[in-house]
Amino acid sequence: MDFRLNDDQRALRTGVRDLLARRFDREALRASVGSGALDRALWRELGAAGFFALRLPEEDGGVGLGLPEAVLLFEEAGRALLPGPLVATHLAAGSVPGAADGETVVTTADGPLVEWLAEADVAQGDVSGAVPVRSVDPLTPLHRLPHARGPARPPGAGALLTAAEQLGSAARTTDMAVAYAREREQFGRPIGAFQAVKQLCAGMLVRVEVARAAVYAAAVTEDPVDIAAAKLLADEAAVRGARDCLQVHGGMGFTWEADVHLHLKRAWLRAERWLPAARAEEIAAAALLETSVETSPGTS
Amino acid sequence: MDLAYTPEEEAFRARLRAWLRGALPTLPSRPDPLDWPARRAYDTTWQRMLYDAGYGEVHWDAPPTQRLIFLEETELAGAPYVGANFVGLLHAGPTIAAEGTQAQRERWLPPILRGDEVWCQGFSEPGAGSDLAALRTRAVRDGDTYVVTGSKIWTSHAEVADWCELLVRTDPQAPKHQGITWLALPMDTPGITVRPLRTLAGSDEFAEVFLDEVRVPVANRVGEENDGWRVTMVTLSFERGTAFVGEVVACRRVLADLARVAHKNGRWDDDALRRRLGRLNAEFRALWRLTQWNVSEAQATGGVPGTGGSVFKLRYSHARQELYDTAAEVLGPDALDLGREWTLDRLSSLSYTIAAGTSQIQQNIVAERILGLPRGR
Ligand SMILES: Cc1cc2nc3c(=O)[nH]c(=O)nc-3n(C[C@H](O)[C@H](O)[C@H](O)COP(=O)(O)OP(=O)(O)OC[C@H]3O[C@@H](n4cnc5c(N)ncnc54)[C@H](O)[C@@H]3O)c2cc1C
């Protein structure tokens with residue numbers, strides 16, 4: 001057993017992080033706020049970099065990697081707050097023509113919401129009668145569906161990749177809070193010297209590390225209960241992390257100018273999508289009644 | 001990201017399982033939890049069995065992944081944990097192994113491994129808890145002995161221990177971290193008074209230890225005079241390593257039992273409670289994975305657990321309390337009955353955010369040593 005990232009995984013993570021730093025820096029992020037348009041050139045670049053085709057077999061033009069690698073990509077996407085129906089397009093690669101290479105933007109109806117409906121080339125699921133919502137997240141246009149949805153899908157890659165984005169966002173807001181706490185001074189010292197601020201930051205890190213262990217493990221096992229656990233913990237890490245980051249930023253945290261609110265709003269949105277807490281908790285609860293005492297937790 | 005165990009690790013697991021199947025039935029039945037001498041006998045018997053089977057040194061010598069498997073399998077099989085051997089196996093022993101002389105290692109380590117001698121930890125004092133370096137118990141050199149006077153508190157297992165790893169002040173003038181020395185104190189030395197303290201769970205699990213001109217040979221000093229703080233830090237990092245592996249396994253079993261009880265007594269139909277149990281399941285699954293993560297790190301970096309242990313301890317101690325609070329919600333009025341299985345566990349869970357570094361201190365450690373925030377109060 002070696003749960004750490006291997007060299008290839010580390011290199012992959014660095015590669016995506018560099019790509020996003022280059023192609024989607026803070027200026028690009030702020031420029032896309034409220035534009036309502038998707039950067040198609042960037043989308044194609046993501047496609048060329050294998051973002052969508054990552055898990056397709058090599059003989060089908062894919063990269064031939066697995067969920068652990070996909071989770072690392074989506075973690076970086078979440079860290080950078082990359083907009084667009086990334087999860088839906090990634091899942092559609094191989095079944096919707098053009099999705100794999102970033103030519104086609106795919107969105108999916110999941111629960112009562114569908115994101116990026118006007119911009120997407122393909123909408124999966126029944127989106128009839130969708131009405132636009134004034135989305136709380138300035139980086140994610142939303143439509144609401146009028147009809148009840150069919151039976152809920154079991155937790156799968158969509159929920160896990162969304163959890164990975166939450167993890168990236170949580171790690172990022174932790175970094176932002178810590179950086180600000182070291183630099184902002186009050187009472188003649190950095191606010192990070194105050195224990196109340198330290199404890200907020202420590203709490204953020206603990207939630208990130210717990211969520212990371214859950215998300216990475218679920219990527220390896222692909223077990224639906226592990227995925228439900230990962231989504232629950234990553235949602236918590238992202239939402240509470242953004243909240244605490246906002247608090248550490250004081251008045252600055254309440255401004256449109258600071259990026260904190262973008263993380264918080266997207267974290268709210270992701271928490272509601274793919275596998276909301278109520279369902280994830282029910283799945284994890286039901287699994288308890290099936291647990292056998294003999295089962296080794298390491299292998300279950 | 002590889003969660004599969006190697007063939008060697010699986011072979012270790014299989015051998016251990018087979019041995020446990022044969023060995024556990026020969027272990028005497030569990031003693032009354034309030035009877036400390038009986039508990040000592042039980043715990044040392046178990047350690048002796050481990051020693052004879054070649055597992056005596058697993059906490060010290062085995063690679064972290066094997067230690068993880070050992071702790072997981074022994075817990076799953078219902079075997080005891082270290083119990084009264086806790087300090088010997090997880091604090092004093094590793095310190096002596098790392099910092100002691102050859103003669104000291106030969107004198108003290110084999111009896112710990114064989115379960116012949118039990119150690120306790122005399123660190124905390126009435127005036128020195130979180131601020132351990134404020135300790136004031138004095139040791140004055142008199143030829144080849146130290147004369148020790150002062151008092152220790154919260155000393156677990158003091159009543160049944162043969163030895164105490166004792167921190168004393170040898171230089172009251174020096175800055176507080178620089179005047180401390182680590183001594184091995186035989187608990188039958190004249191001048192020692194042990195007064196048991198009752199815990200809120202009703203047990204006499206820890207004690208006050210009064211030291212009145214107790215003479216300790218200088219040969220019992222591990223490390224240099226006034227270097228005891230550094231020597232001690234070696235010990236504390238062991239404490240936060242794999243110490244809770246077995247407990248996480250046990251918590252997952254309790255949680256499954258709890259779900260079954262709730263299902264039977266109707267509490268399962270309460271949506272809020274059922275969802276709370278679901279969230280706890282997610283929590284303990286994640287804690288298990290975090291353990292595997294930390295063990296993988298330790299395995300790769302040479303085995304001494306680092307600050308990752310603080311992250312784990314913070315979350316785990318909270319989760320354990322949440323688990324038993326939820327158990328109380330499942331039990332309803334039965335949670336007030338000390339005869340019920342989980343009532344005592346709920347009480348003892350309250351110590352987890354205090355013992356071995358309070359949660360507030362752990363948060364300081366995470367903020368300062370991992371996140372690099374400035375020191376200060
Ligand atoms: C079950 C149990 C077994 C134990 N066994 C042993 C043993 O065998 N040997 C031994 O030596 N000790 C033992 N201890 C003692 C244990 O290590 C101390 O209780 C612990 O370190 C806290 O010290 P204290 O009790 O003096 O609390 P204090 O240090 O007085 O703390 C009181 C409160 O103040 C907070 N606080 C203190 N300093 C700070 C700070 N800088 N920042 C923020 N908050 C702060 C604490 O978090 C806590 O909430 C045991 C304790 C328990 C509960």
# chains A, B, ... in the order shown; residues from 1 in each chain; ligands from 1

call {"tool": "residues_near_ligand", "arguments": {"ligand": "ligand 1", "cutoff": "9 Å", "atoms": "only C-alpha atoms and all ligand atoms", "output": "NGL selection string"}}
result
(:A and (195)) or (:B and (87 or 120-132 or 152-158 or 166-167 or 199 or 205-207 or 348 or 350-364 or 376-377))

call {"tool": "residues_around", "arguments": {"residues": "Thr189 in chain B", "least_positions_apart": "4", "cutoff": "12 Å", "atoms": "only C-alpha atoms", "output": "PyMOL selection string"}}
result
chain B and resi 147-148+162-164+184-185+193-194+210-217

call {"tool": "select_by_dssp", "arguments": {"residues": "range 100-226 of chain B", "states": "strand (DSSP E)", "output": "ChimeraX atom specification"}}
result
/B:119-122,138-142,145-156,163-169,180-186,192-197,206-217,221-222

call {"tool": "closest_atom_pairs", "arguments": {"of": "chain A", "to": "chain B", "cutoff": "6 Å", "atoms": "only C-alpha atoms", "output": "CSV"}}
result
residue,atom,partner,partner_atom,distance
A:Met1,CA,B:Tyr5,CA,4.5
A:Asp2,CA,B:Asp2,CA,5.1
A:Phe3,CA,B:Met1,CA,4.3
A:Arg4,CA,B:Met1,CA,5.2
A:Leu5,CA,B:Met1,CA,5.1
A:Gly192,CA,B:Leu373,CA,5.6
A:Ala193,CA,B:Pro374,CA,5.0
A:Lys198,CA,B:Ala367,CA,5.5
A:Gln199,CA,B:Gln363,CA,5.8
A:Ala202,CA,B:Ala367,CA,5.2
A:Val206,CA,B:Val311,CA,5.5
A:Ala213,CA,B:Leu290,CA,5.1
A:Ala214,CA,B:Ala286,CA,4.8
A:Ala229,CA,B:Ala282,CA,4.3
A:Glu281,CA,B:Gly278,CA,4.6
A:Glu282,CA,B:Arg275,CA,5.9
A:Ala284,CA,B:Gly278,CA,4.5
A:Ala285,CA,B:Gly278,CA,3.7
A:Leu288,CA,B:Ala256,CA,5.2

call {"tool": "atom_distance", "arguments": {"atom1": "CA of Thr45 in chain B", "atom2": "CA of Arg30 in chain B"}}
result
11.5 Å

call {"tool": "select_by_dssp", "arguments": {"residues": "range 7-212 of chain B", "states": "helix (DSSP H, G or I)", "output": "PyMOL selection string"}}
result
chain B and resi 7-26+36-52+58-61+64-76+83-99+102-114+132-134+158-160+176-178

call {"tool": "residues_around", "arguments": {"residues": "Ala48 in chain A", "least_positions_apart": "4", "cutoff": "10 Å", "atoms": "only C-alpha atoms", "output": "list of chain:residue names"}}
result
A:Leu42, A:Trp43, A:Arg44, A:Phe52, A:Ala53, A:Ala100, A:Asp101, A:Gly102, A:Glu103

call {"tool": "residues_around", "arguments": {"residues": "Glu329 in chain B", "least_positions_apart": "5", "cutoff": "9 Å", "atoms": "only C-alpha atoms", "output": "mmCIF file with N, CA, C and O atoms, in the first residue's frame"}}
result
data_model
loop_
_atom_site.group_PDB
_atom_site.id
_atom_site.type_symbol
_atom_site.label_atom_id
_atom_site.label_comp_id
_atom_site.auth_asym_id
_atom_site.auth_seq_id
_atom_site.Cartn_x
_atom_site.Cartn_y
_atom_site.Cartn_z
ATOM 1 N N ARG B 267 -35.728 4.164 16.343
ATOM 2 C CA ARG B 267 -35.120 5.485 16.182
ATOM 3 C C ARG B 267 -34.641 5.708 14.746
ATOM 4 O O ARG B 267 -34.438 6.831 14.319
ATOM 5 N N LEU B 273 -31.834 11.765 12.827
ATOM 6 C CA LEU B 273 -30.907 10.851 13.494
ATOM 7 C C LEU B 273 -30.268 9.894 12.481
ATOM 8 O O LEU B 273 -29.055 9.646 12.519
ATOM 9 N N TYR B 324 -20.420 8.934 20.366
ATOM 10 C CA TYR B 324 -21.097 8.497 21.591
ATOM 11 C C TYR B 324 -22.250 9.423 21.981
ATOM 12 O O TYR B 324 -23.198 8.993 22.638
ATOM 13 N N ALA B 335 -29.478 5.835 27.847
ATOM 14 C CA ALA B 335 -28.149 6.451 27.849
ATOM 15 C C ALA B 335 -27.787 6.957 29.238
ATOM 16 O O ALA B 335 -26.638 7.312 29.493
#
